[in-house]
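As provided, start30.pdb (PDB, C-alpha atoms, pLDDT in the B column) reads as follows.
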```
ATOM      1  CA  MET A   1     -15.982  15.728 -17.199  1.00 63.00           C
ATOM      2  CA  ARG A   2     -14.735  13.545 -20.026  1.00 70.00           C
ATOM      3  CA  GLU A   3     -11.233  14.944 -19.482  1.00 87.00           C
ATOM      4  CA  ARG A   4     -11.408  13.933 -15.807  1.00 93.00           C
ATOM      5  CA  THR A   5     -12.099  10.229 -16.330  1.00 97.00           C
ATOM      6  CA  LEU A   6      -9.493   7.801 -15.020  1.00 97.00           C
ATOM      7  CA  GLU A   7      -9.083   6.477 -18.551  1.00 96.00           C
ATOM      8  CA  ALA A   8      -8.328   9.935 -19.948  1.00 96.00           C
ATOM      9  CA  LEU A   9      -5.902  10.653 -17.100  1.00 96.00           C
ATOM     10  CA  GLY A  10      -4.061   7.337 -17.531  1.00 97.00           C
ATOM     11  CA  LEU A  11      -5.099   6.154 -14.072  1.00 98.00           C
ATOM     12  CA  ALA A  12      -7.607   3.424 -14.912  1.00 97.00           C
ATOM     13  CA  LYS A  13      -5.443   0.289 -14.941  1.00 97.00           C
ATOM     14  CA  ALA A  14      -5.337  -1.515 -11.615  1.00 97.00           C
ATOM     15  CA  PRO A  15      -2.486  -3.756 -10.390  1.00 97.00           C
ATOM     16  CA  ARG A  16      -5.094  -6.311  -9.319  1.00 95.00           C
ATOM     17  CA  ASP A  17      -5.666  -6.873 -13.066  1.00 96.00           C
ATOM     18  CA  HIS A  18      -2.145  -6.006 -14.282  1.00 97.00           C
ATOM     19  CA  PRO A  19       0.250  -7.129 -11.516  1.00 98.00           C
ATOM     20  CA  LEU A  20       3.445  -6.087 -13.300  1.00 98.00           C
ATOM     21  CA  LEU A  21       2.178  -2.490 -13.210  1.00 97.00           C
ATOM     22  CA  TYR A  22       2.210  -2.510  -9.383  1.00 98.00           C
ATOM     23  CA  PRO A  23       1.850  -0.100  -7.590  1.00 97.00           C
ATOM     24  CA  GLY A  24      -0.077   1.354 -10.521  1.00 97.00           C
ATOM     25  CA  ALA A  25      -0.233   4.928 -11.797  1.00 98.00           C
ATOM     26  CA  TRP A  26      -0.650   7.626  -9.159  1.00 98.00           C
ATOM     27  CA  PRO A  27      -2.201  11.053  -9.793  1.00 97.00           C
ATOM     28  CA  THR A  28       0.019  14.073 -10.267  1.00 95.00           C
ATOM     29  CA  GLU A  29      -2.203  16.214  -8.038  1.00 96.00           C
ATOM     30  CA  SER A  30      -4.769  15.937  -5.270  1.00 97.00           C
ATOM     31  CA  GLY A  31      -8.271  14.978  -6.330  1.00 97.00           C
ATOM     32  CA  LEU A  32     -11.631  13.489  -5.412  1.00 98.00           C
ATOM     33  CA  LEU A  33     -12.049   9.930  -6.651  1.00 98.00           C
ATOM     34  CA  SER A  34     -15.714   9.660  -7.606  1.00 96.00           C
ATOM     35  CA  GLY A  35     -16.581   6.553  -9.581  1.00 94.00           C
ATOM     36  CA  ASP A  36     -14.679   6.673 -12.863  1.00 95.00           C
ATOM     37  CA  HIS A  37     -13.581  10.291 -12.372  1.00 97.00           C
ATOM     38  CA  LEU A  38     -10.867  12.136 -10.470  1.00 97.00           C
ATOM     39  CA  LEU A  39     -12.343  15.564  -9.768  1.00 97.00           C
ATOM     40  CA  PRO A  40     -10.762  18.713  -8.320  1.00 95.00           C
ATOM     41  CA  LEU A  41     -10.784  19.035  -4.534  1.00 95.00           C
ATOM     42  CA  ASP A  42     -12.195  22.077  -2.770  1.00 92.00           C
ATOM     43  CA  ARG A  43     -10.239  21.395   0.447  1.00 95.00           C
ATOM     44  CA  LEU A  44      -7.388  19.204   1.647  1.00 96.00           C
ATOM     45  CA  VAL A  45      -8.507  18.300   5.184  1.00 95.00           C
ATOM     46  CA  HIS A  46     -11.612  16.128   5.576  1.00 94.00           C
ATOM     47  CA  ASP A  47     -11.822  15.284   9.253  1.00 85.00           C
ATOM     48  CA  GLU A  48     -15.607  15.138   9.654  1.00 84.00           C
ATOM     49  CA  ASP A  49     -16.338  11.399   9.988  1.00 93.00           C
ATOM     50  CA  ARG A  50     -13.208  10.565   7.964  1.00 97.00           C
ATOM     51  CA  VAL A  51      -9.722   9.422   8.975  1.00 98.00           C
ATOM     52  CA  PRO A  52      -6.429   9.995   7.116  1.00 98.00           C
ATOM     53  CA  VAL A  53      -4.750   6.860   5.756  1.00 98.00           C
ATOM     54  CA  LEU A  54      -1.374   7.004   4.022  1.00 98.00           C
ATOM     55  CA  ALA A  55      -1.131   5.162   0.711  1.00 98.00           C
ATOM     56  CA  VAL A  56       2.327   3.687   0.127  1.00 97.00           C
ATOM     57  CA  GLY A  57       1.431   1.122  -2.555  1.00 96.00           C
ATOM     58  CA  SER A  58      -1.509   0.385  -4.815  1.00 97.00           C
ATOM     59  CA  ASN A  59      -3.972   2.241  -2.562  1.00 98.00           C
ATOM     60  CA  GLY A  60      -2.500   5.366  -4.153  1.00 98.00           C
ATOM     61  CA  CYS A  61      -3.669   4.137  -7.568  1.00 98.00           C
ATOM     62  CA  PRO A  62      -7.191   5.414  -8.360  1.00 98.00           C
ATOM     63  CA  GLY A  63      -7.896   2.405 -10.571  1.00 98.00           C
ATOM     64  CA  GLN A  64      -7.084   0.034  -7.689  1.00 98.00           C
ATOM     65  CA  LEU A  65      -9.112   2.051  -5.175  1.00 98.00           C
ATOM     66  CA  ARG A  66     -12.067   2.216  -7.525  1.00 97.00           C
ATOM     67  CA  GLY A  67     -12.005  -1.566  -7.921  1.00 96.00           C
ATOM     68  CA  LYS A  68     -11.852  -2.228  -4.185  1.00 97.00           C
ATOM     69  CA  MET A  69     -14.779   0.088  -3.487  1.00 97.00           C
ATOM     70  CA  ALA A  70     -16.906  -1.129  -6.386  1.00 95.00           C
ATOM     71  CA  GLU A  71     -16.385  -4.746  -5.363  1.00 94.00           C
ATOM     72  CA  SER A  72     -18.000  -3.932  -2.006  1.00 94.00           C
ATOM     73  CA  GLY A  73     -20.752  -1.750  -3.442  1.00 95.00           C
ATOM     74  CA  ILE A  74     -19.272   1.478  -2.082  1.00 95.00           C
ATOM     75  CA  THR A  75     -20.071   4.499  -4.269  1.00 92.00           C
ATOM     76  CA  SER A  76     -19.126   7.399  -1.960  1.00 95.00           C
ATOM     77  CA  PRO A  77     -16.167   9.527  -3.185  1.00 97.00           C
ATOM     78  CA  VAL A  78     -12.644   9.264  -1.743  1.00 98.00           C
ATOM     79  CA  PRO A  79     -10.514  12.402  -1.253  1.00 98.00           C
ATOM     80  CA  MET A  80      -6.888  11.762  -2.272  1.00 98.00           C
ATOM     81  CA  VAL A  81      -4.499  14.448  -1.032  1.00 98.00           C
ATOM     82  CA  LYS A  82      -0.854  14.764  -1.978  1.00 97.00           C
ATOM     83  CA  ALA A  83       1.422  15.008   1.052  1.00 98.00           C
ATOM     84  CA  TYR A  84       5.113  15.250   1.887  1.00 98.00           C
ATOM     85  CA  VAL A  85       5.884  12.643   4.528  1.00 98.00           C
ATOM     86  CA  THR A  86       9.051  12.678   6.629  1.00 98.00           C
ATOM     87  CA  GLY A  87      10.028   9.618   8.647  1.00 98.00           C
ATOM     88  CA  ILE A  88       9.058   6.631   6.516  1.00 98.00           C
ATOM     89  CA  ASP A  89      10.083   5.092   3.215  1.00 98.00           C
ATOM     90  CA  VAL A  90       8.413   2.563   0.932  1.00 98.00           C
ATOM     91  CA  GLY A  91       9.794  -0.946   1.343  1.00 98.00           C
ATOM     92  CA  VAL A  92       8.922  -4.445   0.154  1.00 98.00           C
ATOM     93  CA  SER A  93       6.371  -6.570   1.987  1.00 98.00           C
ATOM     94  CA  ALA A  94       7.685  -9.902   3.233  1.00 98.00           C
ATOM     95  CA  HIS A  95       4.864 -11.844   1.585  1.00 97.00           C
ATOM     96  CA  VAL A  96       3.679 -12.854  -1.878  1.00 98.00           C
ATOM     97  CA  SER A  97       0.211 -11.528  -2.682  1.00 97.00           C
ATOM     98  CA  ARG A  98      -2.397 -13.820  -4.222  1.00 95.00           C
ATOM     99  CA  LEU A  99      -2.999 -10.966  -6.686  1.00 96.00           C
ATOM    100  CA  GLY A 100       0.291 -11.929  -8.307  1.00 97.00           C
ATOM    101  CA  TYR A 101       2.755  -9.384  -7.012  1.00 98.00           C
ATOM    102  CA  VAL A 102       4.992  -8.543  -4.048  1.00 98.00           C
ATOM    103  CA  SER A 103       3.489  -5.431  -2.538  1.00 98.00           C
ATOM    104  CA  ALA A 104       4.906  -2.367  -0.824  1.00 98.00           C
ATOM    105  CA  SER A 105       5.059  -1.774   2.917  1.00 98.00           C
ATOM    106  CA  PRO A 106       6.387   1.220   4.884  1.00 98.00           C
ATOM    107  CA  PHE A 107       9.471   1.196   7.070  1.00 98.00           C
ATOM    108  CA  GLN A 108      10.963   3.706   9.463  1.00 98.00           C
ATOM    109  CA  ALA A 109      13.377   6.138   7.801  1.00 97.00           C
ATOM    110  CA  PRO A 110      13.791   9.249   9.986  1.00 95.00           C
ATOM    111  CA  ASP A 111      15.606  11.463   7.468  1.00 91.00           C
ATOM    112  CA  THR A 112      13.612  10.467   4.374  1.00 97.00           C
ATOM    113  CA  VAL A 113      10.974  12.657   2.724  1.00 98.00           C
ATOM    114  CA  ARG A 114       8.526  10.924   0.378  1.00 97.00           C
ATOM    115  CA  GLU A 115       5.697  12.319  -1.715  1.00 97.00           C
ATOM    116  CA  LEU A 116       2.721  10.113  -0.867  1.00 98.00           C
ATOM    117  CA  PHE A 117      -1.064  10.365  -0.835  1.00 98.00           C
ATOM    118  CA  VAL A 118      -3.381  10.698   2.131  1.00 98.00           C
ATOM    119  CA  THR A 119      -6.732   9.038   1.482  1.00 98.00           C
ATOM    120  CA  TRP A 120      -9.515  10.376   3.711  1.00 98.00           C
ATOM    121  CA  LEU A 121     -11.778   7.374   4.371  1.00 98.00           C
ATOM    122  CA  ASP A 122     -15.183   7.188   5.997  1.00 97.00           C
ATOM    123  CA  ALA A 123     -16.141   4.202   8.144  1.00 97.00           C
ATOM    124  CA  GLU A 124     -17.431   2.056   5.257  1.00 97.00           C
ATOM    125  CA  GLN A 125     -14.427   2.824   3.057  1.00 98.00           C
ATOM    126  CA  LEU A 126     -12.002   2.142   5.903  1.00 98.00           C
ATOM    127  CA  ALA A 127     -13.630  -1.247   6.497  1.00 98.00           C
ATOM    128  CA  VAL A 128     -13.173  -2.107   2.805  1.00 97.00           C
ATOM    129  CA  ILE A 129      -9.477  -1.197   2.796  1.00 98.00           C
ATOM    130  CA  ASP A 130      -8.922  -2.949   6.139  1.00 98.00           C
ATOM    131  CA  ALA A 131     -10.431  -6.115   4.703  1.00 97.00           C
ATOM    132  CA  SER A 132      -8.331  -5.883   1.526  1.00 97.00           C
ATOM    133  CA  GLU A 133      -5.179  -5.673   3.661  1.00 97.00           C
ATOM    134  CA  GLY A 134      -6.168  -8.568   5.937  1.00 96.00           C
ATOM    135  CA  VAL A 135      -6.530  -6.437   9.075  1.00 97.00           C
ATOM    136  CA  PRO A 136      -9.573  -8.307  10.486  1.00 96.00           C
ATOM    137  CA  LEU A 137      -7.878 -11.696  10.111  1.00 95.00           C
ATOM    138  CA  PRO A 138      -5.687 -13.132  12.896  1.00 92.00           C
ATOM    139  CA  TYR A 139      -2.957 -13.953  10.389  1.00 91.00           C
ATOM    140  CA  GLY A 140      -3.687 -11.284   7.793  1.00 95.00           C
ATOM    141  CA  ASN A 141      -0.771  -9.680   5.981  1.00 96.00           C
ATOM    142  CA  PHE A 142      -1.120  -6.183   7.419  1.00 98.00           C
ATOM    143  CA  ARG A 143      -2.008  -4.368  10.610  1.00 97.00           C
ATOM    144  CA  ARG A 144      -3.262  -0.789  10.624  1.00 98.00           C
ATOM    145  CA  ALA A 145      -1.121   1.525  12.763  1.00 98.00           C
ATOM    146  CA  TRP A 146      -1.492   5.162  13.776  1.00 98.00           C
ATOM    147  CA  LEU A 147       1.722   7.126  13.066  1.00 98.00           C
ATOM    148  CA  PRO A 148       1.725  10.201  15.298  1.00 97.00           C
ATOM    149  CA  SER A 149       3.492  13.498  14.844  1.00 96.00           C
ATOM    150  CA  PRO A 150       6.306  14.284  15.473  1.00 93.00           C
ATOM    151  CA  GLU A 151       7.624  10.746  14.903  1.00 94.00           C
ATOM    152  CA  VAL A 152       6.294  11.055  11.358  1.00 97.00           C
ATOM    153  CA  ARG A 153       5.635  14.487   9.835  1.00 98.00           C
ATOM    154  CA  ILE A 154       2.839  14.745   7.268  1.00 98.00           C
ATOM    155  CA  GLU A 155       2.585  18.072   5.456  1.00 98.00           C
ATOM    156  CA  LEU A 156      -0.122  18.732   2.885  1.00 97.00           C
ATOM    157  CA  GLU A 157       0.305  20.846  -0.247  1.00 93.00           C
ATOM    158  CA  ASP A 158      -0.890  24.026   1.471  1.00 94.00           C
ATOM    159  CA  GLY A 159       1.501  23.574   4.391  1.00 95.00           C
ATOM    160  CA  THR A 160      -1.046  22.049   6.784  1.00 97.00           C
ATOM    161  CA  ARG A 161       0.542  19.488   9.105  1.00 97.00           C
ATOM    162  CA  LEU A 162      -1.542  16.566  10.256  1.00 97.00           C
ATOM    163  CA  PRO A 163      -1.305  15.255  13.838  1.00 97.00           C
ATOM    164  CA  GLY A 164      -0.775  11.800  12.361  1.00 97.00           C
ATOM    165  CA  ALA A 165      -2.246   9.255   9.972  1.00 98.00           C
ATOM    166  CA  TYR A 166      -2.928   5.559   9.701  1.00 98.00           C
ATOM    167  CA  VAL A 167      -0.737   3.290   7.612  1.00 98.00           C
ATOM    168  CA  TYR A 168      -0.713  -0.453   6.943  1.00 98.00           C
ATOM    169  CA  VAL A 169       2.325  -2.210   8.439  1.00 98.00           C
ATOM    170  CA  ASN A 170       3.235  -5.699   7.232  1.00 97.00           C
ATOM    171  CA  ARG A 171       2.821  -8.286   9.974  1.00 96.00           C
ATOM    172  CA  ARG A 172       5.824 -10.298   8.745  1.00 96.00           C
ATOM    173  CA  GLY A 173       8.208  -7.363   8.269  1.00 97.00           C
ATOM    174  CA  VAL A 174       9.904  -6.193   5.079  1.00 98.00           C
ATOM    175  CA  LEU A 175      12.660  -7.454   2.823  1.00 98.00           C
ATOM    176  CA  HIS A 176      16.186  -6.159   3.419  1.00 97.00           C
ATOM    177  CA  ASN A 177      18.882  -5.054   1.000  1.00 84.00           C
ATOM    178  CA  GLY A 178      21.586  -7.503   2.086  1.00 90.00           C
ATOM    179  CA  THR A 179      22.251  -5.589   5.291  1.00 89.00           C
ATOM    180  CA  PRO A 180      20.014  -5.145   8.346  1.00 88.00           C
ATOM    181  CA  ALA A 181      18.422  -2.167   6.567  1.00 94.00           C
ATOM    182  CA  PRO A 182      15.149  -2.553   4.628  1.00 97.00           C
ATOM    183  CA  ARG A 183      15.257  -2.252   0.854  1.00 97.00           C
ATOM    184  CA  THR A 184      13.033   0.155  -1.056  1.00 97.00           C
ATOM    185  CA  HIS A 185      10.452  -1.016  -3.578  1.00 98.00           C
ATOM    186  CA  PRO A 186      11.821  -0.350  -7.094  1.00 97.00           C
ATOM    187  CA  GLY A 187       8.677  -1.309  -9.014  1.00 97.00           C
ATOM    188  CA  GLN A 188       7.327  -4.769  -9.683  1.00 98.00           C
ATOM    189  CA  ARG A 189       9.238  -5.884 -12.762  1.00 98.00           C
ATOM    190  CA  GLU A 190      12.626  -4.839 -11.395  1.00 98.00           C
ATOM    191  CA  LEU A 191      11.844  -6.312  -7.977  1.00 98.00           C
ATOM    192  CA  LEU A 192      10.742  -9.698  -9.280  1.00 98.00           C
ATOM    193  CA  THR A 193      13.724  -9.885 -11.618  1.00 98.00           C
ATOM    194  CA  GLU A 194      16.114  -9.317  -8.711  1.00 97.00           C
ATOM    195  CA  LEU A 195      14.330 -11.765  -6.408  1.00 98.00           C
ATOM    196  CA  LEU A 196      14.269 -14.535  -9.016  1.00 98.00           C
ATOM    197  CA  VAL A 197      17.927 -14.056  -9.939  1.00 97.00           C
ATOM    198  CA  GLY A 198      18.865 -14.267  -6.269  1.00 96.00           C
ATOM    199  CA  SER A 199      16.873 -17.337  -5.262  1.00 97.00           C
ATOM    200  CA  ALA A 200      16.826 -20.760  -6.906  1.00 98.00           C
ATOM    201  CA  ARG A 201      13.907 -21.750  -4.671  1.00 98.00           C
ATOM    202  CA  LEU A 202      11.803 -18.845  -5.888  1.00 98.00           C
ATOM    203  CA  ARG A 203      12.611 -19.741  -9.498  1.00 98.00           C
ATOM    204  CA  GLU A 204      11.549 -23.321  -8.817  1.00 98.00           C
ATOM    205  CA  LEU A 205       8.211 -22.122  -7.464  1.00 98.00           C
ATOM    206  CA  PHE A 206       7.442 -19.184  -9.731  1.00 98.00           C
ATOM    207  CA  GLY A 207       9.527 -19.565 -12.894  1.00 98.00           C
ATOM    208  CA  ALA A 208      12.417 -17.528 -14.226  1.00 97.00           C
ATOM    209  CA  THR A 209      10.700 -14.336 -15.377  1.00 98.00           C
ATOM    210  CA  PRO A 210       8.427 -11.692 -13.806  1.00 98.00           C
ATOM    211  CA  GLU A 211       5.655 -12.723 -16.196  1.00 98.00           C
ATOM    212  CA  GLU A 212       5.852 -16.336 -15.024  1.00 98.00           C
ATOM    213  CA  PHE A 213       5.935 -15.237 -11.401  1.00 98.00           C
ATOM    214  CA  CYS A 214       2.738 -13.203 -11.733  1.00 98.00           C
ATOM    215  CA  ALA A 215       0.932 -15.873 -13.716  1.00 97.00           C
ATOM    216  CA  ARG A 216       1.739 -18.639 -11.239  1.00 98.00           C
ATOM    217  CA  ALA A 217       1.090 -16.582  -8.106  1.00 97.00           C
ATOM    218  CA  ARG A 218      -2.305 -15.193  -9.103  1.00 96.00           C
ATOM    219  CA  ALA A 219      -5.025 -16.778  -6.971  1.00 84.00           C
ATOM    220  CA  ASP A 220      -2.789 -19.724  -5.957  1.00 95.00           C
ATOM    221  CA  VAL A 221      -2.929 -19.151  -2.222  1.00 95.00           C
ATOM    222  CA  ARG A 222      -0.804 -22.172  -1.294  1.00 97.00           C
ATOM    223  CA  LEU A 223       1.935 -21.213  -3.738  1.00 98.00           C
ATOM    224  CA  CYS A 224       1.948 -17.662  -2.375  1.00 98.00           C
ATOM    225  CA  GLU A 225       2.281 -19.055   1.147  1.00 97.00           C
ATOM    226  CA  ARG A 226       5.242 -21.179   0.064  1.00 98.00           C
ATOM    227  CA  GLY A 227       6.885 -18.135  -1.510  1.00 98.00           C
ATOM    228  CA  THR A 228       6.319 -16.156   1.667  1.00 98.00           C
ATOM    229  CA  ARG A 229       8.008 -18.917   3.684  1.00 98.00           C
ATOM    230  CA  VAL A 230      11.003 -18.810   1.325  1.00 98.00           C
ATOM    231  CA  PHE A 231      11.516 -15.125   2.183  1.00 98.00           C
ATOM    232  CA  ALA A 232      11.769 -16.035   5.862  1.00 97.00           C
ATOM    233  CA  GLU A 233      13.740 -19.262   5.432  1.00 97.00           C
ATOM    234  CA  GLU A 234      16.345 -17.589   3.208  1.00 97.00           C
ATOM    235  CA  LYS A 235      16.671 -14.825   5.820  1.00 97.00           C
ATOM    236  CA  LEU A 236      15.595 -12.058   3.458  1.00 97.00           C
ATOM    237  CA  VAL A 237      13.357 -10.411   6.069  1.00 98.00           C
ATOM    238  CA  THR A 238      13.949  -7.648   8.602  1.00 98.00           C
ATOM    239  CA  VAL A 239      11.725  -5.509  10.826  1.00 97.00           C
ATOM    240  CA  SER A 240      10.140  -2.310   9.532  1.00 97.00           C
ATOM    241  CA  GLY A 241      10.736  -0.336  12.716  1.00 97.00           C
ATOM    242  CA  LEU A 242       7.044   0.582  12.751  1.00 97.00           C
ATOM    243  CA  GLU A 243       5.889  -2.433  14.757  1.00 96.00           C
ATOM    244  CA  ARG A 244       5.775  -0.330  17.938  1.00 95.00           C
ATOM    245  CA  PHE A 245       2.916   1.715  16.484  1.00 96.00           C
ATOM    246  CA  VAL A 246       0.687  -1.309  15.927  1.00 94.00           C
ATOM    247  CA  ARG A 247      -1.999  -1.780  18.578  1.00 79.00           C
ATOM    248  CA  ASP A 248      -4.572  -4.509  19.182  1.00 51.00           C
ATOM    249  CA  GLN A 249      -7.339  -1.910  18.950  1.00 41.00           C
ATOM    250  CA  GLN A 250      -7.690  -1.085  15.254  1.00 43.00           C
ATOM    251  CA  THR A 251     -11.069   0.643  15.132  1.00 42.00           C
ATOM    252  CA  GLY A 252     -12.473   4.008  16.124  1.00 41.00           C
ATOM    253  CA  SER A 253     -11.040   7.488  15.847  1.00 40.00           C
ATOM    254  CA  PRO A 254      -7.376   8.349  16.373  1.00 39.00           C
ATOM    255  CA  GLY A 255      -6.484   8.352  20.041  1.00 35.00           C
ATOM    256  CA  THR A 256      -9.320   6.065  21.149  1.00 32.00           C
ATOM    257  CA  GLY A 257      -7.314   2.848  20.962  1.00 32.00           C
TER     258      GLY A 257
END
```
Full structure transcribed into structure tokens:
Amino acid sequence: MRERTLEALGLAKAPRDHPLLYPGAWPTESGLLSGDHLLPLDRLVHDEDRVPVLAVGSNGCPGQLRGKMAESGITSPVPMVKAYVTGIDVGVSAHVSRLGYVSASPFQAPDTVRELFVTWLDAEQLAVIDASEGVPLPYGNFRRAWLPSPEVRIELEDGTRLPGAYVYVNRRGVLHNGTPAPRTHPGQRELLTELLVGSARLRELFGATPEEFCARARADVRLCERGTRVFAEEKLVTVSGLERFVRDQQTGSPGTG
């Protein structure tokens, strides 16, 4: 058991505490996140009272997930299953997080295959992650969307294909790469360096280095809102292409909304 602790596996540090590490360390294999341990899984599909949710950012980091659950008093384990996902890529959210980083958000990419994690969440766990992404709030950063097959293909390690999965889509869109196409998330330090070099207004707000950016943004909600407005005002934002999958009904089992 000692060998399966998050600390021993190098998965303990959470971006919420170390923003420049965003999205945090992901496991190399599927596992069951149980407290401070990542245990072997006995099966890959967990559809009894659980729903599949794709992790494209820090929700794929066991240290981050552990912190979110512990903060809400949730102790039940979370299955994390490696999957090969065709049809989306990992872009950059068009908002500055009060946790001190610029997070990831998916965008439509029909010919792209990404290795991501499916987290199988029960009702309590799903409510925790929804709240952390701002889903219940009228102007929260993300909306939860059901991505159906065959628009998005999700294949587990054993070849099982899921009929779909939830994912969190940024309400404001994603950042582009200088063309109408979304840009991919290169990691926090590289991303912040590029954003600060390219925008005098962002440097004025957040400083000239990634370290300054994170330090100033953390817990300063008004500053984060100003940074988010700069993204839009400097026309750095485009659509993700996944907006059509977002529905007003965000609760219940797949297909009920």
Starting from the displayed file, determine the output of the PyMOL selection byres ((chain A and resi 108) around 12) and express the residue list as a PyMOL selection string. chain A and resi 85-91+105-107+109-114+147+151-152+167+169+173-174+181-184+238-245
Residues from the last selection, C-alpha atoms, saved as a PDB file, keeping the file's coordinate frame:
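Written out: selection_28.pdb:
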```pdb
ATOM      1  CA  VAL A  85       5.884  12.643   4.528  1.00 98.00           C
ATOM      2  CA  THR A  86       9.051  12.678   6.629  1.00 98.00           C
ATOM      3  CA  GLY A  87      10.028   9.618   8.647  1.00 98.00           C
ATOM      4  CA  ILE A  88       9.058   6.631   6.516  1.00 98.00           C
ATOM      5  CA  ASP A  89      10.083   5.092   3.215  1.00 98.00           C
ATOM      6  CA  VAL A  90       8.413   2.563   0.932  1.00 98.00           C
ATOM      7  CA  GLY A  91       9.794  -0.946   1.343  1.00 98.00           C
ATOM      8  CA  SER A 105       5.059  -1.774   2.917  1.00 98.00           C
ATOM      9  CA  PRO A 106       6.387   1.220   4.884  1.00 98.00           C
ATOM     10  CA  PHE A 107       9.471   1.196   7.070  1.00 98.00           C
ATOM     11  CA  ALA A 109      13.377   6.138   7.801  1.00 97.00           C
ATOM     12  CA  PRO A 110      13.791   9.249   9.986  1.00 95.00           C
ATOM     13  CA  ASP A 111      15.606  11.463   7.468  1.00 91.00           C
ATOM     14  CA  THR A 112      13.612  10.467   4.374  1.00 97.00           C
ATOM     15  CA  VAL A 113      10.974  12.657   2.724  1.00 98.00           C
ATOM     16  CA  ARG A 114       8.526  10.924   0.378  1.00 97.00           C
ATOM     17  CA  LEU A 147       1.722   7.126  13.066  1.00 98.00           C
ATOM     18  CA  GLU A 151       7.624  10.746  14.903  1.00 94.00           C
ATOM     19  CA  VAL A 152       6.294  11.055  11.358  1.00 97.00           C
ATOM     20  CA  VAL A 167      -0.737   3.290   7.612  1.00 98.00           C
ATOM     21  CA  VAL A 169       2.325  -2.210   8.439  1.00 98.00           C
ATOM     22  CA  GLY A 173       8.208  -7.363   8.269  1.00 97.00           C
ATOM     23  CA  VAL A 174       9.904  -6.193   5.079  1.00 98.00           C
ATOM     24  CA  ALA A 181      18.422  -2.167   6.567  1.00 94.00           C
ATOM     25  CA  PRO A 182      15.149  -2.553   4.628  1.00 97.00           C
ATOM     26  CA  ARG A 183      15.257  -2.252   0.854  1.00 97.00           C
ATOM     27  CA  THR A 184      13.033   0.155  -1.056  1.00 97.00           C
ATOM     28  CA  THR A 238      13.949  -7.648   8.602  1.00 98.00           C
ATOM     29  CA  VAL A 239      11.725  -5.509  10.826  1.00 97.00           C
ATOM     30  CA  SER A 240      10.140  -2.310   9.532  1.00 97.00           C
ATOM     31  CA  GLY A 241      10.736  -0.336  12.716  1.00 97.00           C
ATOM     32  CA  LEU A 242       7.044   0.582  12.751  1.00 97.00           C
ATOM     33  CA  GLU A 243       5.889  -2.433  14.757  1.00 96.00           C
ATOM     34  CA  ARG A 244       5.775  -0.330  17.938  1.00 95.00           C
ATOM     35  CA  PHE A 245       2.916   1.715  16.484  1.00 96.00           C
TER      36      PHE A 245
END
```
Between CA of Gly73 in chain A and CA of Gly57 in chain A, what is the distance in Å, rounded to a tenth? 22.4 Å
Å distance separating CA of Leu191 in chain A from CA of Asp17 in chain A, one decimal place: 18.2 Å
Quick one: distance from CA of Tyr84 in chain A to CA of Leu33 in chain A in Å, one decimal?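 CA of Tyr84 in chain A sits 19.9 Å away from CA of Leu33 in chain A.
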So which one's closest to Leu11 in chain A, A:Thr160, A:Ser34, A:Asn59, A:Gln64? Using all atoms listed in the file, please.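 With all atoms listed in the file as the atom set, the closest residue is A:Gln64.
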Protein, DNA and RNA residues within 10 Å of (-8.8, 4.3, -14.6), only C-alpha atoms, as an mmCIF file with C-alpha atoms, in the frame of the given file:
```
data_model
loop_
_atom_site.group_PDB
_atom_site.id
_atom_site.type_symbol
_atom_site.label_atom_id
_atom_site.label_comp_id
_atom_site.auth_asym_id
_atom_site.auth_seq_id
_atom_site.Cartn_x
_atom_site.Cartn_y
_atom_site.Cartn_z
ATOM 1 C CA THR A 5 -12.099 10.229 -16.330
ATOM 2 C CA LEU A 6 -9.493 7.801 -15.020
ATOM 3 C CA GLU A 7 -9.083 6.477 -18.551
ATOM 4 C CA ALA A 8 -8.328 9.935 -19.948
ATOM 5 C CA LEU A 9 -5.902 10.653 -17.100
ATOM 6 C CA GLY A 10 -4.061 7.337 -17.531
ATOM 7 C CA LEU A 11 -5.099 6.154 -14.072
ATOM 8 C CA ALA A 12 -7.607 3.424 -14.912
ATOM 9 C CA LYS A 13 -5.443 0.289 -14.941
ATOM 10 C CA ALA A 14 -5.337 -1.515 -11.615
ATOM 11 C CA ALA A 25 -0.233 4.928 -11.797
ATOM 12 C CA GLY A 35 -16.581 6.553 -9.581
ATOM 13 C CA ASP A 36 -14.679 6.673 -12.863
ATOM 14 C CA HIS A 37 -13.581 10.291 -12.372
ATOM 15 C CA LEU A 38 -10.867 12.136 -10.470
ATOM 16 C CA CYS A 61 -3.669 4.137 -7.568
ATOM 17 C CA PRO A 62 -7.191 5.414 -8.360
ATOM 18 C CA GLY A 63 -7.896 2.405 -10.571
ATOM 19 C CA GLN A 64 -7.084 0.034 -7.689
ATOM 20 C CA LEU A 65 -9.112 2.051 -5.175
ATOM 21 C CA ARG A 66 -12.067 2.216 -7.525
ATOM 22 C CA GLY A 67 -12.005 -1.566 -7.921
#
```
Test item: residues at most 8 Å from Arg144 in chain A, only C-alpha atoms, excluding those fewer than 5 positions along its chain, as a tab-separated table (two decimals) with C-alpha atoms, in the frame of the given file:
```tsv
chain	number	residue	atom	x	y	z
A	130	ASP	CA	-8.92	-2.95	6.14
A	135	VAL	CA	-6.53	-6.44	9.07
A	166	TYR	CA	-2.93	5.56	9.70
A	167	VAL	CA	-0.74	3.29	7.61
A	168	TYR	CA	-0.71	-0.45	6.94
A	169	VAL	CA	2.33	-2.21	8.44
A	246	VAL	CA	0.69	-1.31	15.93
A	250	GLN	CA	-7.69	-1.08	15.25
```
Would you mind listing what lies within 8 Å of Ile74 in chain A as a PDB file with C-alpha atoms, in the frame of the given file, with only C-alpha atoms counted and same-chain residues fewer than 4 positions away left out?
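Written out: out.pdb:
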```pdb
ATOM      1  CA  MET A  69     -14.779   0.088  -3.487  1.00 97.00           C
ATOM      2  CA  ALA A  70     -16.906  -1.129  -6.386  1.00 95.00           C
ATOM      3  CA  GLU A 124     -17.431   2.056   5.257  1.00 97.00           C
ATOM      4  CA  GLN A 125     -14.427   2.824   3.057  1.00 98.00           C
TER       5      GLN A 125
END
```
